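Participant: Mind having a look at this structure? Questions to follow.
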Amino acid sequence: MGIIEPETRKGCVQIRMIPEQEIWGERSINSPYFYVWEGKLQVTAPSEILNKIILPIIRFAVSTGGVGRGWRRPLHIFHMNNGYAATRGSHLIIKHQVTNPNTKNRETQLYRLPLNPERWTSTYDNWLVAVRSQWTDRININANQSLEAEVFSPRTCAVYSVPGCEANPIDENDLEWLEADAVATRGEGMHLIYEQTPPRNYKRNPDIGGNAATGNPHCSWASIKLINIRSQEIDVDCQEIVCLFMGGKSPHSNHIRAHFLQDLNAIEGNVHLFGVSAI
């Protein structure tokens with residue numbers, strides 16, 4: 001990606017967003033308003049680095065979060081302290097074209113990982129092999145295991161899918177809310193992160209849910225993304241992917257992130273996709 005200091009050095013990866021329209025930010029039909037940006041994501045790099053290192057990172061990123069200040073929450077409705085409804089979160093969609101092996105026709109598909117634990121693990125393992133082959137002397141598997149930071153690896157985070165809201169609360173084609181009830185725009189992962197009654201004091205807690213409403217804001221340690229895949233266990237049309245960064249805390253400790261992990265694992269219909277487990 002290049003460096004700025006101590007000496008400027010150009011990287012081999014270029015990322016560019018090409019808007020489809022002159023004016024970005026088309027506003028939703030109804031309130032609380034959200035805004036839509038559409039365009040093409042152009043990523044260029046040497047083929048070995050692009051296909052085996054950069055694209056898997058993008059696939060993991062789009063499978064667990066969004067973009068912008070609200071990237072760690074799905075698009076949902078919440079009420080401010082004054083009672084007014086507002087929109088929070090992000091709903092990132094990336095599509096790509098692939099060739100159908102049967103018909104040989106080009107088809108557009110969503111660019112993300114399936115809800116298959118084996119695919120998550122194999123994608124990470126293949127990425128790690130590629131990184132090692134490129135930069136053998138820069139890889140240390142256990143270096144960041146105890147680091148108090150958001151490190152994405154099998155030993156430092158946990159990824160679960162849990163039942164989402166009953167149906168997608170937004171019409172992605174007509175850009176409008178289909179659900180006005182704030183609670184109904186959230187799935188089980190969002191309900192959990194909004195818990196604020198001890199011992200589940202997750203909301204506005206710097207050690208798990210974050211706190212953006214103070215002069216010294218803290219990011220959330222959990223990223224939640226809504227996907228339009230029907231749950232096979234619960235009668236809902238959507239699921240939420242929850243990525244919890246442990247930040248150096250053991251899943252079996254008494255830390256609040258370990259408690260959150262236990263609660264994730266207790267949600268009916270959950271699937272452990274990647275990383276550490278509560279078991």
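Residue names in the structure tokens use chain letters A, B, ... in the order shown, residue numbers from 1 in each chain, and ligand numbers from 1 in the order shown.
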Please return, as a PyMOL selection string, all residues of region 66-220 of chain A that DSSP assigns to helix (DSSP H, G or I) on the basis of the backbone.
Facilitator: chain A and resi 117-134+136-138+183-185+188-193
Participant: Residues within 6 Å of region 233-246 of chain A, please, as a list in words. Count only C-alpha atoms; anything in the same chain fewer than 6 positions from it doesn't count.
Facilitator: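 Once the adjacent positions are removed, what remains is Glu150, Thr156, Cys157, Ala158, Val159, Tyr160, Ser161, Val162, Pro163, Gly164, Cys165, Glu166, Ala167, Trp221, Ala222, Ser223, Ile224, Lys225, Leu226, Ile227 and Gly269 of chain A.
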Participant: Keeping all heavy atoms, export the residues of the selection given above as a compact mmCIF listing (two decimals), in the first residue's frame.
Facilitator:
# COMPACT_ATOMS: atom_id res chain seq x y z
N GLU A 150 -8.01 -4.40 17.35
CA GLU A 150 -8.92 -5.18 16.50
C GLU A 150 -8.09 -5.95 15.47
O GLU A 150 -7.79 -5.42 14.41
CB GLU A 150 -9.93 -4.26 15.81
CG GLU A 150 -10.80 -3.47 16.78
CD GLU A 150 -10.65 -1.98 16.60
OE1 GLU A 150 -9.50 -1.50 16.64
OE2 GLU A 150 -11.67 -1.32 16.41
N THR A 156 -7.87 -14.28 17.43
CA THR A 156 -8.09 -12.96 18.03
C THR A 156 -9.49 -12.39 17.82
O THR A 156 -9.79 -11.31 18.32
CB THR A 156 -7.07 -11.95 17.49
OG1 THR A 156 -7.16 -11.94 16.05
CG2 THR A 156 -5.65 -12.33 17.90
N CYS A 157 -10.33 -13.07 17.07
CA CYS A 157 -11.70 -12.59 16.88
C CYS A 157 -12.64 -13.78 16.76
O CYS A 157 -12.21 -14.92 16.60
CB CYS A 157 -11.81 -11.68 15.65
SG CYS A 157 -11.73 -12.55 14.07
N ALA A 158 -13.92 -13.50 16.83
CA ALA A 158 -14.95 -14.52 16.68
C ALA A 158 -16.01 -14.01 15.72
O ALA A 158 -16.44 -12.86 15.82
CB ALA A 158 -15.59 -14.85 18.03
N VAL A 159 -16.42 -14.85 14.78
CA VAL A 159 -17.46 -14.48 13.81
C VAL A 159 -18.61 -15.47 13.90
O VAL A 159 -18.40 -16.69 13.77
CB VAL A 159 -16.91 -14.43 12.38
CG1 VAL A 159 -18.01 -13.99 11.41
CG2 VAL A 159 -15.71 -13.49 12.27
N TYR A 160 -19.80 -14.94 14.15
CA TYR A 160 -21.01 -15.76 14.24
C TYR A 160 -22.06 -15.19 13.29
O TYR A 160 -22.12 -13.97 13.07
CB TYR A 160 -21.59 -15.72 15.65
CG TYR A 160 -20.93 -16.63 16.66
CD1 TYR A 160 -19.70 -16.30 17.22
CD2 TYR A 160 -21.54 -17.80 17.08
CE1 TYR A 160 -19.09 -17.12 18.16
CE2 TYR A 160 -20.95 -18.63 18.02
CZ TYR A 160 -19.73 -18.29 18.56
OH TYR A 160 -19.14 -19.11 19.49
N SER A 161 -22.91 -16.05 12.77
CA SER A 161 -24.14 -15.58 12.15
C SER A 161 -25.28 -15.88 13.11
O SER A 161 -25.32 -16.94 13.74
CB SER A 161 -24.39 -16.28 10.80
OG SER A 161 -24.65 -17.66 10.97
N VAL A 162 -26.18 -14.90 13.25
CA VAL A 162 -27.34 -15.04 14.14
C VAL A 162 -28.58 -14.57 13.39
O VAL A 162 -28.48 -13.85 12.39
CB VAL A 162 -27.15 -14.21 15.43
CG1 VAL A 162 -25.95 -14.71 16.23
CG2 VAL A 162 -27.01 -12.72 15.12
N PRO A 163 -29.77 -14.98 13.83
CA PRO A 163 -30.99 -14.52 13.16
C PRO A 163 -31.09 -13.00 13.13
O PRO A 163 -30.78 -12.33 14.12
CB PRO A 163 -32.10 -15.14 14.00
CG PRO A 163 -31.48 -16.35 14.63
CD PRO A 163 -30.06 -15.96 14.90
N GLY A 164 -31.50 -12.47 11.98
CA GLY A 164 -31.67 -11.04 11.83
C GLY A 164 -33.11 -10.64 12.04
O GLY A 164 -33.89 -11.34 12.69
N CYS A 165 -33.49 -9.48 11.47
CA CYS A 165 -34.89 -9.05 11.55
C CYS A 165 -35.75 -9.94 10.64
O CYS A 165 -35.23 -10.68 9.80
CB CYS A 165 -35.02 -7.58 11.20
SG CYS A 165 -33.97 -7.02 9.85
N GLU A 166 -37.05 -9.84 10.78
CA GLU A 166 -37.94 -10.73 10.03
C GLU A 166 -37.77 -10.59 8.53
O GLU A 166 -37.88 -11.56 7.79
CB GLU A 166 -39.41 -10.47 10.43
CG GLU A 166 -39.74 -10.92 11.85
CD GLU A 166 -41.22 -10.81 12.14
OE1 GLU A 166 -42.00 -10.52 11.20
OE2 GLU A 166 -41.61 -11.04 13.30
N ALA A 167 -37.56 -9.37 8.07
CA ALA A 167 -37.35 -9.11 6.65
C ALA A 167 -36.45 -7.89 6.51
O ALA A 167 -36.29 -7.11 7.45
CB ALA A 167 -38.69 -8.88 5.93
N TRP A 221 -16.17 -2.82 19.75
CA TRP A 221 -15.33 -4.00 19.53
C TRP A 221 -16.08 -5.06 18.73
O TRP A 221 -15.52 -6.12 18.43
CB TRP A 221 -14.88 -4.58 20.87
CG TRP A 221 -13.90 -3.71 21.59
CD1 TRP A 221 -14.18 -2.70 22.46
CD2 TRP A 221 -12.47 -3.76 21.49
NE1 TRP A 221 -13.03 -2.11 22.91
CE2 TRP A 221 -11.95 -2.75 22.34
CE3 TRP A 221 -11.58 -4.56 20.78
CZ2 TRP A 221 -10.59 -2.52 22.49
CZ3 TRP A 221 -10.21 -4.34 20.93
CH2 TRP A 221 -9.73 -3.34 21.77
N ALA A 222 -17.33 -4.80 18.39
CA ALA A 222 -18.13 -5.75 17.62
C ALA A 222 -18.67 -5.09 16.37
O ALA A 222 -19.22 -3.99 16.43
CB ALA A 222 -19.29 -6.30 18.46
N SER A 223 -18.49 -5.74 15.23
CA SER A 223 -19.04 -5.27 13.96
C SER A 223 -20.20 -6.17 13.57
O SER A 223 -20.10 -7.40 13.66
CB SER A 223 -17.94 -5.30 12.88
OG SER A 223 -18.49 -4.96 11.63
N ILE A 224 -21.30 -5.57 13.14
CA ILE A 224 -22.51 -6.33 12.82
C ILE A 224 -22.99 -5.95 11.42
O ILE A 224 -23.10 -4.77 11.11
CB ILE A 224 -23.62 -6.07 13.86
CG1 ILE A 224 -23.11 -6.38 15.27
CG2 ILE A 224 -24.86 -6.90 13.55
CD1 ILE A 224 -24.07 -5.98 16.38
N LYS A 225 -23.27 -6.96 10.60
CA LYS A 225 -23.71 -6.71 9.23
C LYS A 225 -24.98 -7.51 8.93
O LYS A 225 -25.07 -8.70 9.26
CB LYS A 225 -22.62 -7.12 8.23
CG LYS A 225 -23.02 -6.86 6.77
CD LYS A 225 -21.93 -7.30 5.82
CE LYS A 225 -22.33 -7.04 4.37
NZ LYS A 225 -22.35 -5.60 4.06
N LEU A 226 -25.96 -6.86 8.30
CA LEU A 226 -27.19 -7.53 7.88
C LEU A 226 -27.03 -8.14 6.50
O LEU A 226 -26.50 -7.49 5.59
CB LEU A 226 -28.35 -6.54 7.86
CG LEU A 226 -29.72 -7.10 7.45
CD1 LEU A 226 -30.27 -7.99 8.56
CD2 LEU A 226 -30.69 -5.98 7.14
N ILE A 227 -27.45 -9.39 6.33
CA ILE A 227 -27.42 -10.04 5.02
C ILE A 227 -28.78 -10.64 4.72
O ILE A 227 -29.49 -11.10 5.62
CB ILE A 227 -26.32 -11.13 4.95
CG1 ILE A 227 -26.52 -12.16 6.06
CG2 ILE A 227 -24.95 -10.51 5.03
CD1 ILE A 227 -25.59 -13.35 5.93
N GLY A 269 -30.23 -20.49 16.98
CA GLY A 269 -30.04 -20.39 15.54
C GLY A 269 -28.70 -19.83 15.13
O GLY A 269 -28.48 -19.55 13.94
Participant: With only C-alpha atoms as the counted atoms, please give the residues lying no more than 10 Å from His76 (chain A), apart from itself and same-chain residues fewer than 6 positions off, as a list in words.
Facilitator: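 Those residues are Pro32, Phe34, Ala86, Thr87, Arg88, Gly89, Ser90, His91, Pro169, Ile170, Trp177, Glu179, Ala180, Asp181, Ala182, Val183, Ala184, Thr185, Arg186, Gly187, Met190 and Leu226 of chain A.
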Participant: To test your reading of the structure, identify every residue in region 50-99 of chain A that backbone DSSP assigns to strand (DSSP E or B), and report it as an MDAnalysis selection string.
Facilitator: chainID A and resid 76:79 85:88 95:99
Participant: Tell me which of A:His259, A:Lys249, A:His272, A:Arg230 sits closest to Asn201 (chain A), counting only C-alpha atoms.
Facilitator: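 Of A:His259, A:Lys249, A:His272, A:Arg230, the one nearest Asn201 (chain A) is A:His259, counting only C-alpha atoms.
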Participant: Do a neighbour search on Ala258 (chain A) at 10 Å with only C-alpha atoms, toss out local chain neighbours closer than 2 positions, and write the hits as a list in words.
Facilitator: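 Residues meeting the cut-off are Ile208, Leu244, Met246, Lys249, Ser250, Pro251, His252, Ser253, Asn254, His255, Ile256, Phe260, Leu261, Gln262, Asp263, Leu264, Ser277 and Ala278 of chain A.
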Participant: So that each row is one residue of region 54-77 of chain A with an atom at most 9 Å from region 127-133 of chain A, can you give its shortest atom pair and the distance in Å to one decimal, using only C-alpha atoms, rows by chain and rising number, as a Markdown table?
Facilitator:
| residue | atom | partner | partner_atom | distance |
| --- | --- | --- | --- | --- |
| A:Ile54 | CA | A:Trp127 | CA | 8.9 |
| A:Pro56 | CA | A:Trp127 | CA | 6.8 |
| A:Ile57 | CA | A:Trp127 | CA | 8.3 |
Participant: For a quick check of understanding, using only C-alpha atoms, which of A:Asn228, A:Gln14, A:Thr8, A:Thr103 has the smallest distance to Asp171 (chain A)?
Facilitator: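 Smallest distance to Asp171 (chain A) is found for A:Asn228.
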Participant: For CA of Arg69 (chain A) and CA of Glu148 (chain A), quote the distance in Å rounded to one decimal.
Facilitator: 21.2 Å
Participant: When distances are computed from only C-alpha atoms, which of A:Leu192, A:Ile141, A:Ile53, A:Ile94 shows the smallest separation from Val67 (chain A)?
Facilitator: A:Ile94
